[in-house]
>>> print(open('model-v9.txt').read())   # compact mmCIF, N, CA and C atoms
# COMPACT_ATOMS: atom_id res chain seq x y z
N MET P 190 0.07 -10.62 28.92
CA MET P 190 0.20 -9.17 29.06
C MET P 190 1.34 -8.79 30.00
N ILE P 191 1.75 -9.71 30.84
CA ILE P 191 2.78 -9.39 31.84
C ILE P 191 4.07 -8.87 31.20
N PRO P 192 4.62 -9.52 30.14
CA PRO P 192 5.86 -8.97 29.58
C PRO P 192 5.67 -7.59 28.95
N PHE P 193 4.48 -7.32 28.44
CA PHE P 193 4.24 -6.02 27.82
C PHE P 193 4.16 -4.92 28.88
N ILE P 194 3.30 -5.12 29.85
CA ILE P 194 3.08 -4.08 30.86
C ILE P 194 4.32 -3.89 31.74
N SER P 195 4.98 -4.98 32.08
CA SER P 195 6.16 -4.88 32.94
C SER P 195 7.28 -4.06 32.32
N ASN P 196 7.39 -4.08 31.00
CA ASN P 196 8.49 -3.39 30.31
C ASN P 196 8.10 -2.04 29.73
N GLY P 197 6.87 -1.64 29.88
CA GLY P 197 6.43 -0.36 29.34
C GLY P 197 6.73 0.77 30.30
N PRO P 198 7.54 1.73 29.88
CA PRO P 198 7.89 2.83 30.79
C PRO P 198 6.69 3.68 31.20
N LEU P 199 5.66 3.75 30.38
CA LEU P 199 4.50 4.58 30.72
C LEU P 199 3.36 3.78 31.37
N ILE P 200 3.43 2.44 31.33
CA ILE P 200 2.34 1.67 31.92
C ILE P 200 2.81 0.68 32.98
N SER P 201 4.08 0.65 33.31
CA SER P 201 4.58 -0.29 34.31
C SER P 201 4.03 0.01 35.70
N TRP P 202 3.50 1.18 35.90
CA TRP P 202 2.90 1.55 37.20
C TRP P 202 1.62 0.78 37.49
N MET P 203 1.01 0.18 36.48
CA MET P 203 -0.29 -0.46 36.67
C MET P 203 -0.24 -1.66 37.61
N TYR P 204 0.80 -2.48 37.51
CA TYR P 204 0.86 -3.67 38.38
C TYR P 204 1.01 -3.31 39.85
N PRO P 205 1.90 -2.37 40.20
CA PRO P 205 1.97 -2.02 41.62
C PRO P 205 0.69 -1.35 42.14
N VAL P 206 0.00 -0.61 41.28
CA VAL P 206 -1.20 0.11 41.71
C VAL P 206 -2.42 -0.80 41.75
N PHE P 207 -2.65 -1.57 40.67
CA PHE P 207 -3.87 -2.36 40.54
C PHE P 207 -3.68 -3.86 40.73
N GLY P 208 -2.45 -4.35 40.65
CA GLY P 208 -2.21 -5.79 40.64
C GLY P 208 -2.40 -6.31 39.23
N ILE P 209 -2.12 -7.60 39.04
CA ILE P 209 -2.20 -8.18 37.69
C ILE P 209 -3.64 -8.17 37.18
N GLN P 210 -4.57 -8.67 37.98
CA GLN P 210 -5.96 -8.73 37.53
C GLN P 210 -6.56 -7.33 37.39
N GLY P 211 -6.24 -6.43 38.31
CA GLY P 211 -6.76 -5.07 38.24
C GLY P 211 -6.25 -4.31 37.03
N ALA P 212 -4.98 -4.54 36.68
CA ALA P 212 -4.42 -3.88 35.49
C ALA P 212 -5.12 -4.39 34.23
N SER P 213 -5.40 -5.69 34.20
CA SER P 213 -6.13 -6.24 33.05
C SER P 213 -7.52 -5.63 32.94
N TRP P 214 -8.20 -5.52 34.06
CA TRP P 214 -9.53 -4.90 34.06
C TRP P 214 -9.45 -3.44 33.63
N PHE P 215 -8.47 -2.72 34.16
CA PHE P 215 -8.31 -1.30 33.82
C PHE P 215 -8.11 -1.13 32.32
N LEU P 216 -7.22 -1.93 31.75
CA LEU P 216 -6.97 -1.84 30.31
C LEU P 216 -8.21 -2.21 29.50
N GLY P 217 -8.87 -3.29 29.89
CA GLY P 217 -10.05 -3.73 29.16
C GLY P 217 -11.17 -2.71 29.20
N VAL P 218 -11.45 -2.18 30.38
CA VAL P 218 -12.53 -1.20 30.52
C VAL P 218 -12.19 0.08 29.77
N SER P 219 -10.94 0.53 29.85
CA SER P 219 -10.59 1.77 29.15
C SER P 219 -10.67 1.59 27.64
N GLU P 220 -10.23 0.44 27.12
CA GLU P 220 -10.31 0.22 25.68
C GLU P 220 -11.76 0.14 25.21
N TRP P 221 -12.62 -0.54 25.96
CA TRP P 221 -14.05 -0.59 25.60
C TRP P 221 -14.68 0.80 25.70
N LEU P 222 -14.28 1.57 26.70
CA LEU P 222 -14.82 2.93 26.85
C LEU P 222 -14.42 3.80 25.67
N PHE P 223 -13.15 3.76 25.27
CA PHE P 223 -12.72 4.58 24.14
C PHE P 223 -13.39 4.12 22.84
N GLY P 224 -13.56 2.82 22.69
CA GLY P 224 -14.27 2.31 21.51
C GLY P 224 -15.72 2.75 21.48
N ALA P 225 -16.38 2.72 22.64
CA ALA P 225 -17.77 3.17 22.72
C ALA P 225 -17.87 4.67 22.42
N LEU P 226 -16.92 5.45 22.90
CA LEU P 226 -16.93 6.89 22.62
C LEU P 226 -16.73 7.16 21.13
N LEU P 227 -15.85 6.38 20.49
CA LEU P 227 -15.68 6.53 19.05
C LEU P 227 -16.96 6.19 18.31
N PHE P 228 -17.65 5.14 18.72
CA PHE P 228 -18.92 4.75 18.10
C PHE P 228 -19.99 5.81 18.31
N LEU P 229 -20.11 6.30 19.54
CA LEU P 229 -21.11 7.33 19.85
C LEU P 229 -20.80 8.64 19.14
N GLY P 230 -19.55 8.78 18.69
CA GLY P 230 -19.15 9.98 17.96
C GLY P 230 -19.85 10.14 16.62
N PHE P 231 -20.50 9.10 16.12
CA PHE P 231 -21.29 9.26 14.90
C PHE P 231 -22.43 10.24 15.14
N TRP P 232 -22.91 10.32 16.36
CA TRP P 232 -24.03 11.20 16.69
C TRP P 232 -23.57 12.44 17.46
N ASN P 233 -22.45 12.36 18.12
CA ASN P 233 -21.96 13.49 18.92
C ASN P 233 -20.44 13.59 18.72
N LYS P 234 -20.02 14.57 17.93
CA LYS P 234 -18.60 14.69 17.57
C LYS P 234 -17.71 14.95 18.78
N LYS P 235 -18.24 15.58 19.80
CA LYS P 235 -17.42 15.85 20.98
C LYS P 235 -17.08 14.56 21.72
N LEU P 236 -17.99 13.58 21.70
CA LEU P 236 -17.68 12.29 22.30
C LEU P 236 -16.60 11.57 21.52
N ARG P 237 -16.64 11.71 20.19
CA ARG P 237 -15.61 11.05 19.39
C ARG P 237 -14.25 11.69 19.61
N ILE P 238 -14.22 12.98 19.91
CA ILE P 238 -12.95 13.62 20.25
C ILE P 238 -12.37 12.97 21.51
N LEU P 239 -13.21 12.74 22.50
CA LEU P 239 -12.74 12.08 23.73
C LEU P 239 -12.24 10.67 23.44
N GLY P 240 -12.97 9.94 22.60
CA GLY P 240 -12.55 8.59 22.24
C GLY P 240 -11.23 8.58 21.48
N ALA P 241 -11.08 9.48 20.53
CA ALA P 241 -9.84 9.56 19.75
C ALA P 241 -8.67 9.99 20.63
N LEU P 242 -8.92 10.91 21.53
CA LEU P 242 -7.87 11.35 22.45
C LEU P 242 -7.44 10.20 23.35
N GLY P 243 -8.41 9.46 23.88
CA GLY P 243 -8.09 8.30 24.70
C GLY P 243 -7.34 7.24 23.91
N SER P 244 -7.71 7.04 22.66
CA SER P 244 -7.00 6.08 21.81
C SER P 244 -5.56 6.53 21.57
N CYS P 245 -5.37 7.81 21.33
CA CYS P 245 -4.02 8.33 21.13
C CYS P 245 -3.15 8.04 22.36
N VAL P 246 -3.67 8.33 23.53
CA VAL P 246 -2.92 8.09 24.76
C VAL P 246 -2.62 6.60 24.92
N THR P 247 -3.61 5.76 24.66
CA THR P 247 -3.42 4.31 24.77
C THR P 247 -2.32 3.83 23.86
N PHE P 248 -2.33 4.27 22.60
CA PHE P 248 -1.34 3.78 21.66
C PHE P 248 0.04 4.37 21.89
N ILE P 249 0.12 5.58 22.42
CA ILE P 249 1.42 6.12 22.82
C ILE P 249 2.01 5.26 23.92
N MET P 250 1.16 4.87 24.87
CA MET P 250 1.64 4.04 25.97
C MET P 250 2.13 2.68 25.49
N THR P 251 1.45 2.09 24.51
CA THR P 251 1.87 0.77 24.05
C THR P 251 3.07 0.84 23.09
N VAL P 252 3.16 1.89 22.30
CA VAL P 252 4.30 2.01 21.38
C VAL P 252 5.60 2.22 22.15
N THR P 253 5.54 2.86 23.30
CA THR P 253 6.77 3.08 24.07
C THR P 253 7.30 1.80 24.70
N ILE P 254 6.54 0.72 24.64
CA ILE P 254 7.03 -0.57 25.14
C ILE P 254 8.10 -1.13 24.20
N ILE P 255 7.98 -0.85 22.92
CA ILE P 255 8.79 -1.51 21.89
C ILE P 255 10.30 -1.42 22.15
N PRO P 256 10.89 -0.27 22.43
CA PRO P 256 12.34 -0.25 22.64
C PRO P 256 12.81 -0.98 23.90
N PHE P 257 11.91 -1.21 24.83
CA PHE P 257 12.29 -1.78 26.12
C PHE P 257 11.94 -3.26 26.27
N MET P 258 11.41 -3.87 25.24
CA MET P 258 11.02 -5.28 25.30
C MET P 258 12.27 -6.16 25.28
N PRO P 259 12.49 -6.96 26.33
CA PRO P 259 13.67 -7.83 26.31
C PRO P 259 13.54 -8.90 25.21
N ASP P 260 14.62 -9.18 24.57
CA ASP P 260 14.69 -10.16 23.48
C ASP P 260 13.75 -9.80 22.34
N GLY P 261 13.45 -8.54 22.19
CA GLY P 261 12.56 -8.11 21.12
C GLY P 261 13.28 -7.85 19.82
N TRP P 262 14.59 -7.77 19.88
CA TRP P 262 15.36 -7.46 18.68
C TRP P 262 16.30 -8.61 18.39
N ASN P 263 16.32 -9.06 17.19
CA ASN P 263 17.06 -10.23 16.78
C ASN P 263 18.56 -9.92 16.72
N ALA P 264 19.31 -10.47 17.65
CA ALA P 264 20.75 -10.19 17.73
C ALA P 264 21.50 -10.71 16.51
N SER P 265 21.07 -11.84 15.96
CA SER P 265 21.78 -12.40 14.80
C SER P 265 21.63 -11.52 13.57
N ALA P 266 20.60 -10.69 13.55
CA ALA P 266 20.41 -9.78 12.42
C ALA P 266 20.97 -8.40 12.72
N GLY P 267 21.67 -8.25 13.81
CA GLY P 267 22.27 -6.96 14.15
C GLY P 267 21.38 -6.11 15.04
N GLY P 268 20.29 -6.67 15.54
CA GLY P 268 19.42 -5.91 16.45
C GLY P 268 18.40 -5.07 15.71
N PHE P 269 18.15 -3.91 16.22
CA PHE P 269 17.16 -3.00 15.65
C PHE P 269 17.46 -2.77 14.19
N PRO P 270 16.57 -2.82 13.28
CA PRO P 270 15.13 -2.96 13.36
C PRO P 270 14.62 -4.38 13.09
N ALA P 271 15.45 -5.39 13.26
CA ALA P 271 15.02 -6.76 13.02
C ALA P 271 14.27 -7.28 14.23
N MET P 272 12.97 -7.08 14.23
CA MET P 272 12.17 -7.44 15.40
C MET P 272 11.83 -8.92 15.40
N GLN P 273 11.50 -9.38 16.58
CA GLN P 273 11.06 -10.76 16.74
C GLN P 273 10.10 -10.82 17.92
N GLY P 274 9.37 -11.91 18.00
CA GLY P 274 8.52 -12.17 19.16
C GLY P 274 7.47 -11.12 19.40
N ASN P 275 7.44 -10.62 20.61
CA ASN P 275 6.38 -9.71 21.07
C ASN P 275 6.43 -8.33 20.42
N VAL P 276 7.59 -7.92 19.94
CA VAL P 276 7.69 -6.60 19.31
C VAL P 276 6.86 -6.53 18.04
N ALA P 277 6.86 -7.60 17.28
CA ALA P 277 6.08 -7.62 16.04
C ALA P 277 4.59 -7.43 16.33
N PHE P 278 4.13 -7.98 17.44
CA PHE P 278 2.72 -7.83 17.82
C PHE P 278 2.38 -6.36 18.08
N LEU P 279 3.31 -5.60 18.61
CA LEU P 279 3.05 -4.20 18.96
C LEU P 279 3.16 -3.24 17.78
N MET P 280 3.71 -3.69 16.66
CA MET P 280 3.89 -2.79 15.52
C MET P 280 2.56 -2.28 14.97
N LYS P 281 1.49 -3.03 15.14
CA LYS P 281 0.17 -2.60 14.68
C LYS P 281 -0.25 -1.30 15.37
N ASP P 282 0.29 -1.07 16.56
CA ASP P 282 -0.10 0.11 17.31
C ASP P 282 0.40 1.40 16.67
N PHE P 283 1.44 1.35 15.85
CA PHE P 283 1.85 2.53 15.10
C PHE P 283 0.75 2.96 14.13
N VAL P 284 0.19 1.99 13.43
CA VAL P 284 -0.90 2.29 12.48
C VAL P 284 -2.13 2.77 13.23
N LEU P 285 -2.47 2.10 14.32
CA LEU P 285 -3.65 2.49 15.09
C LEU P 285 -3.47 3.86 15.73
N PHE P 286 -2.25 4.20 16.12
CA PHE P 286 -1.97 5.54 16.64
C PHE P 286 -2.18 6.59 15.55
N ALA P 287 -1.69 6.30 14.33
CA ALA P 287 -1.87 7.24 13.21
C ALA P 287 -3.34 7.43 12.90
N VAL P 288 -4.12 6.37 12.93
CA VAL P 288 -5.57 6.48 12.69
C VAL P 288 -6.22 7.30 13.78
N SER P 289 -5.82 7.10 15.03
CA SER P 289 -6.39 7.86 16.14
C SER P 289 -6.08 9.35 16.02
N VAL P 290 -4.86 9.67 15.62
CA VAL P 290 -4.49 11.08 15.42
C VAL P 290 -5.31 11.68 14.29
N TYR P 291 -5.49 10.92 13.21
CA TYR P 291 -6.30 11.40 12.09
C TYR P 291 -7.74 11.67 12.53
N LEU P 292 -8.34 10.71 13.26
CA LEU P 292 -9.71 10.91 13.75
C LEU P 292 -9.81 12.12 14.66
N LEU P 293 -8.84 12.27 15.55
CA LEU P 293 -8.84 13.42 16.46
C LEU P 293 -8.77 14.72 15.67
N LYS P 294 -7.88 14.80 14.69
CA LYS P 294 -7.75 16.00 13.87
C LYS P 294 -9.06 16.32 13.14
N GLN P 295 -9.64 15.30 12.50
CA GLN P 295 -10.87 15.50 11.75
C GLN P 295 -12.02 15.97 12.64
N ASP P 296 -12.15 15.35 13.80
CA ASP P 296 -13.27 15.71 14.68
C ASP P 296 -13.09 17.07 15.33
N VAL P 297 -11.87 17.42 15.66
CA VAL P 297 -11.64 18.77 16.20
C VAL P 297 -11.98 19.81 15.15
N GLU P 298 -11.57 19.57 13.91
CA GLU P 298 -11.90 20.50 12.82
C GLU P 298 -13.41 20.61 12.63
N ARG P 299 -14.13 19.49 12.68
CA ARG P 299 -15.58 19.51 12.50
C ARG P 299 -16.28 20.27 13.62
N VAL P 300 -15.84 20.04 14.84
CA VAL P 300 -16.47 20.73 15.97
C VAL P 300 -16.17 22.23 15.89
N LEU P 301 -14.94 22.59 15.57
CA LEU P 301 -14.59 24.02 15.48
C LEU P 301 -15.34 24.70 14.34
N SER P 302 -15.49 24.03 13.19
CA SER P 302 -16.21 24.65 12.08
C SER P 302 -17.70 24.76 12.39
N ALA P 303 -18.26 23.77 13.07
CA ALA P 303 -19.68 23.84 13.45
C ALA P 303 -19.91 24.95 14.46
N ASP P 304 -18.99 25.11 15.40
CA ASP P 304 -19.13 26.19 16.39
C ASP P 304 -19.00 27.55 15.74
N SER P 305 -18.07 27.68 14.77
CA SER P 305 -17.92 28.99 14.11
C SER P 305 -19.12 29.30 13.23
N GLU P 306 -19.72 28.27 12.61
CA GLU P 306 -20.94 28.49 11.82
C GLU P 306 -22.09 28.93 12.70
N LYS P 307 -22.20 28.35 13.88
CA LYS P 307 -23.26 28.75 14.81
C LYS P 307 -23.05 30.20 15.26
N ALA P 308 -21.79 30.55 15.51
CA ALA P 308 -21.50 31.91 15.95
C ALA P 308 -21.81 32.91 14.84
N LEU P 309 -21.48 32.56 13.61
CA LEU P 309 -21.78 33.46 12.49
C LEU P 309 -23.27 33.60 12.27
N SER P 310 -24.01 32.52 12.38
CA SER P 310 -25.46 32.61 12.17
C SER P 310 -26.15 33.35 13.30
N ALA P 311 -25.58 33.30 14.51
CA ALA P 311 -26.16 34.04 15.62
C ALA P 311 -25.90 35.53 15.49
N ASP P 312 -24.78 35.90 14.86
CA ASP P 312 -24.44 37.31 14.68
C ASP P 312 -25.13 37.95 13.50
N SER P 313 -25.60 37.15 12.54
CA SER P 313 -26.22 37.73 11.35
C SER P 313 -27.63 38.24 11.68
N PRO P 314 -28.01 39.38 11.06
CA PRO P 314 -29.36 39.92 11.32
C PRO P 314 -30.43 39.01 10.70
N LYS P 315 -31.53 38.88 11.42
CA LYS P 315 -32.64 38.05 10.94
C LYS P 315 -33.62 38.90 10.17
N ALA P 316 -34.13 38.33 9.09
CA ALA P 316 -35.05 39.09 8.24
C ALA P 316 -36.47 38.95 8.70
>>> encode(input="model-v9.txt", output="structure tokens")
Amino acid sequence: MIPFISNGPLISWMYPVFGIQGASWFLGVSEWLFGALLFLGFWNKKLRILGALGSCVTFIMTVTIIPFMPDGWNASAGGFPAMQGNVAFLMKDFVLFAVSVYLLKQDVERVLSADSEKALSADSPKA
């Protein structure tokens, strides 16, 4: 994880703040927390919004590592977009970011529609 975190413009602060082991714990706990919130979102859509939002932030932070990874672009192929090494490992985060944005959009729409339905039913006269 050291080459990834050290070169990430949005996450390089973790080593000076938490140290190597603390940064690993921070990342692990936050990923498990966001995963648990996504799972609990089956029963509570607002929790899934928090999980999807956390996932979006996580994947934005990891995707921004890609341009700054040393030796991540194959010079013999002319550089970008011929990736090599650790950059290829991070490409999955583009897909996971897109899935997180989709989940966030869907859950926000569900919560807003459920809230508007409740408001409409509260305003309607009872027979």
>>> select_by_dssp(input="model-v9.txt", residues="region 225-255 of chain P", states="helix (DSSP H, G or I)", output="ChimeraX atom specification")
/P:225-229,234-252,255
>>> residues_near_point(input="model-v9.txt", point="(-19.0, 14.2, 10.8)", cutoff="7 Å", atoms="all atoms listed in the file", output="PyMOL selection string")
chain P and resi 231+234+299
>>> atom_distance(input="model-v9.txt", atom1="CA of Pro256 (chain P)", atom2="CA of Leu285 (chain P)")
17.9 Å
>>> residues_around(input="model-v9.txt", residues="Val246 (chain P)", least_positions_apart="5", cutoff="8 Å", atoms="only N, CA and C atoms", output="list in words")
Gly240, Ala241, Thr251, Val252, Phe286 and Ser289 of chain P
>>> closest_residue(input="model-v9.txt", among="P:Ser305, P:Ser265, P:Ser195, P:Ser219", to="Gly243 (chain P)", atoms="only C-alpha atoms")
P:Ser219
>>> atom_distance(input="model-v9.txt", atom1="CA of Leu236 (chain P)", atom2="CA of Leu279 (chain P)")
26.7 Å
>>> residues_around(input="model-v9.txt", residues="Asp260 (chain P)", least_positions_apart="3", cutoff="8 Å", atoms="all atoms listed in the file", output="VMD selection string")
chain P and resid 257 263 to 264 272 to 276
>>> residues_around(input="model-v9.txt", residues="Met250 (chain P)", least_positions_apart="6", cutoff="7 Å", atoms="all atoms listed in the file", output="PyMOL selection string")
chain P and resi 197+199-200
>>> atom_distance(input="model-v9.txt", atom1="CA of Lys307 (chain P)", atom2="CA of Val290 (chain P)")
25.8 Å
